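A short worksheet on the structure shown next.
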Amino acid sequence: MNDPEPETSAGPGPASGRSGDAPDRAGFPRVTSFRTRTGVLKPSRQDAWDRLWATFGRDAGAGPIDVDGWFERTAPTVVEIGCGMGTSTAEMALAEPGVNVIAIDVYKPGLAKLLQLIEENNIANIRIVRGDAVTILEEMIAPASLAGVRVFFPDPWPKKRHHKRRLLKPEMFRLIATRLQPHGVLHVATDHAEYAEFIEESGNSEPMLGSVTWPWPMSSVRPETKFEGRAARVGSAITDLAWGRITE
Ligand SMILES: C[S@@+](CC[C@H](N)C(=O)[O-])C[C@H]1O[C@@H](n2cnc3c(N)ncnc32)[C@H](O)[C@@H]1O
């Protein structure tokens, strides 16, 4: 049986009417952008998890990351938020061995798949953090430390009453901007036209972000994921957006 895959980003809201509200530090529920989904792994992925997680992964809440120590080198570092099954993560990391890639998601089966891709392709430049990207950026990633942030096909939460769950909104743009180095780049892709407009407006209204200057500190070439393939089949246009940090 296949693992439950993340729903298409053009899909409906919560799969079961439940979504993951995480307690914030004051103990109040904070609305999150991800769904609560089963984390059951098929045996091959469980095996990869058991052997590889301690080397390549860590959980949210583990404290600030010493990036140079974890990768055992100093290199430009890119964070991918919501890496899903890790398809783009693995391909882009292989194409750019000189870039450190930190992949973030809450979805354990997807992260286990990424561990398998790391092992099968002998990829040295990926590390994984499991948990809510908001908490991870706030608590684990140093300000002004990232060459880039990637957010590919974030869940659009299309129903108006769910818009508050969207990952990319003005306060998230501010948080991401603070983690980028000056001239660091945020690259976003979405297949949802209305969310694309909202994302564009939110990004354009963040004073720390402006037009991207060329060359980017990391690749702008985005491989096609399952989400993108599905979107193309139903005729949804893909929008790529990018901003650079314009403040010191
Ligand atoms: C629609 S999927 C896209 C996956 C992948 N980027 C792709 O293009 O195939 C969105 C992913 O973002 C993850 N996600 C949503 N909100 C998140 C958050 N706050 N922190 C970490 N991951 C999150 C979900 O678990 C899901 O795997």
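Following the order of the structure tokens, first chain is A, next is B, and so on, with residues numbered from 1 inside each chain and ligands from 1 in the order they appear.
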Distance table requested - chain A against ligand 1, cut-off 9 Å, only C-alpha atoms and all ligand atoms: one row per qualifying residue with the closest atom pair and its distance in Å to one decimal, ordered by chain and rising residue number, as CSV.
residue,atom,partner,partner_atom_place_in_ligand_line,distance
A:Glu5,CA,ligand 1,27 (O),8.3
A:Pro6,CA,ligand 1,27 (O),5.6
A:Glu7,CA,ligand 1,1 (C),6.2
A:Thr8,CA,ligand 1,1 (C),5.6
A:Ser9,CA,ligand 1,1 (C),4.2
A:Ala10,CA,ligand 1,1 (C),8.0
A:Gly11,CA,ligand 1,1 (C),8.7
A:Thr32,CA,ligand 1,19 (N),6.0
A:Ser33,CA,ligand 1,16 (N),4.3
A:Phe34,CA,ligand 1,16 (N),4.0
A:Arg35,CA,ligand 1,25 (O),6.9
A:Thr36,CA,ligand 1,25 (O),8.6
A:Arg37,CA,ligand 1,25 (O),8.5
A:Glu80,CA,ligand 1,6 (N),8.0
A:Ile81,CA,ligand 1,22 (N),5.9
A:Gly82,CA,ligand 1,12 (O),3.3
A:Cys83,CA,ligand 1,6 (N),4.3
A:Gly84,CA,ligand 1,27 (O),3.6
A:Met85,CA,ligand 1,9 (O),6.3
A:Gly86,CA,ligand 1,5 (C),6.9
A:Thr87,CA,ligand 1,9 (O),6.8
A:Ser88,CA,ligand 1,8 (O),7.1
A:Thr89,CA,ligand 1,6 (N),8.5
A:Ile104,CA,ligand 1,21 (C),5.5
A:Asp105,CA,ligand 1,22 (N),3.6
A:Val106,CA,ligand 1,22 (N),4.8
A:Tyr107,CA,ligand 1,25 (O),4.9
A:Lys108,CA,ligand 1,25 (O),8.6
A:Gly110,CA,ligand 1,27 (O),7.0
A:Leu111,CA,ligand 1,27 (O),9.0
A:Val129,CA,ligand 1,21 (C),8.9
A:Arg130,CA,ligand 1,21 (C),7.3
A:Gly131,CA,ligand 1,21 (C),5.6
A:Asp132,CA,ligand 1,20 (N),3.6
A:Ala133,CA,ligand 1,20 (N),3.7
A:Val134,CA,ligand 1,19 (N),5.8
A:Thr135,CA,ligand 1,19 (N),8.2
A:Ile136,CA,ligand 1,20 (N),8.2
A:Arg150,CA,ligand 1,6 (N),8.6
A:Val151,CA,ligand 1,6 (N),6.5
A:Phe152,CA,ligand 1,6 (N),4.3
A:Phe153,CA,ligand 1,3 (C),4.7
A:Pro154,CA,ligand 1,10 (C),4.6
A:Asp155,CA,ligand 1,1 (C),4.6
A:Pro156,CA,ligand 1,1 (C),7.8
A:Arg165,CA,ligand 1,16 (N),8.6
A:Arg166,CA,ligand 1,16 (N),7.9
A:Leu167,CA,ligand 1,16 (N),6.0
A:Ala189,CA,ligand 1,8 (O),8.2
A:Thr190,CA,ligand 1,8 (O),8.5
A:Glu224,CA,ligand 1,8 (O),7.9
A:Thr225,CA,ligand 1,9 (O),5.0
A:Lys226,CA,ligand 1,9 (O),5.7
A:Phe227,CA,ligand 1,9 (O),5.1
A:Glu228,CA,ligand 1,8 (O),6.7
Residues of region 28-221 of chain A classed as strand (DSSP E or B) by DSSP on the backbone are to be reported as an MDAnalysis selection string. chainID A and resid 29:30 57:59 77:81 100:105 126:130 146:152 180:190 209:210
Skip Glu201 (chain A) itself and residues of its chain fewer than 5 positions away, then list as a PyMOL selection string all residues within 10 Å of it, counting only C-alpha atoms. chain A and resi 169-170+195-196+206
Find the spatial neighbours of region 122-126 of chain A, counting only C-alpha atoms, within a cut-off of 6 Å - ignore same-chain residues fewer than 4 positions away - and output them as a PyMOL selection string. chain A and resi 100-102+118
Calculate how many Å separate CA of Gly148 (chain A) from CA of Ile128 (chain A), rounding to one decimal. 15.6 Å
As an MDAnalysis selection string, please: every residue in region 27-248 of chain A that a backbone DSSP assignment puts in alpha helix (DSSP H). chainID A and resid 43:56 67:71 87:95 108:120 133:140 170:179 193:204 226:233
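Separating CA of Ser220 (chain A) from CA of Gly235 (chain A) is a distance of 23.0 Å.
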Shell around Pro109 (chain A) at 8 Å using only C-alpha atoms, local window under 4 positions removed, as a count of residues only: 7
Could you give me, as an mmCIF file with C-alpha atoms, in the first residue's frame, the residues within 12 Å of Gly203 (chain A), counting only C-alpha atoms and dropping anything in the same chain fewer than 2 positions from it?
data_model
loop_
_atom_site.group_PDB
_atom_site.id
_atom_site.type_symbol
_atom_site.label_atom_id
_atom_site.label_comp_id
_atom_site.auth_asym_id
_atom_site.auth_seq_id
_atom_site.Cartn_x
_atom_site.Cartn_y
_atom_site.Cartn_z
ATOM 1 C CA LEU A 168 2.960 32.516 3.356
ATOM 2 C CA LYS A 169 1.400 35.640 4.803
ATOM 3 C CA PRO A 170 2.910 38.982 5.803
ATOM 4 C CA GLU A 171 4.290 37.863 9.177
ATOM 5 C CA MET A 172 5.987 34.827 7.579
ATOM 6 C CA PHE A 173 7.581 37.053 4.936
ATOM 7 C CA ARG A 174 9.008 39.175 7.756
ATOM 8 C CA LEU A 175 10.354 36.090 9.578
ATOM 9 C CA ILE A 176 11.920 34.683 6.395
ATOM 10 C CA ALA A 177 13.411 38.083 5.523
ATOM 11 C CA VAL A 185 16.781 35.122 -2.086
ATOM 12 C CA LEU A 186 13.305 33.802 -1.295
ATOM 13 C CA HIS A 187 11.960 31.646 -4.165
ATOM 14 C CA VAL A 188 8.287 30.625 -4.110
ATOM 15 C CA TYR A 195 -2.868 32.322 -3.506
ATOM 16 C CA ALA A 196 -0.236 33.529 -5.993
ATOM 17 C CA GLU A 197 -1.773 37.012 -5.893
ATOM 18 C CA PHE A 198 -1.919 36.970 -2.101
ATOM 19 C CA ILE A 199 1.698 35.777 -1.903
ATOM 20 C CA GLU A 200 2.846 38.454 -4.339
ATOM 21 C CA GLU A 201 1.081 41.224 -2.416
ATOM 22 C CA SER A 205 4.654 44.757 1.121
ATOM 23 C CA GLU A 206 7.617 43.487 3.190
ATOM 24 C CA PRO A 207 10.090 46.400 3.471
ATOM 25 C CA MET A 208 13.099 44.091 3.952
ATOM 26 C CA LEU A 209 12.470 42.443 0.548
ATOM 27 C CA GLY A 210 12.808 43.799 -2.974
ATOM 28 C CA SER A 211 13.738 42.782 -6.497
ATOM 29 C CA LEU A 241 7.994 34.472 -7.492
ATOM 30 C CA ALA A 242 11.254 35.686 -5.971
ATOM 31 C CA TRP A 243 12.479 38.445 -3.687
ATOM 32 C CA GLY A 244 15.887 39.425 -2.405
ATOM 33 C CA ARG A 245 16.717 40.866 1.000
#
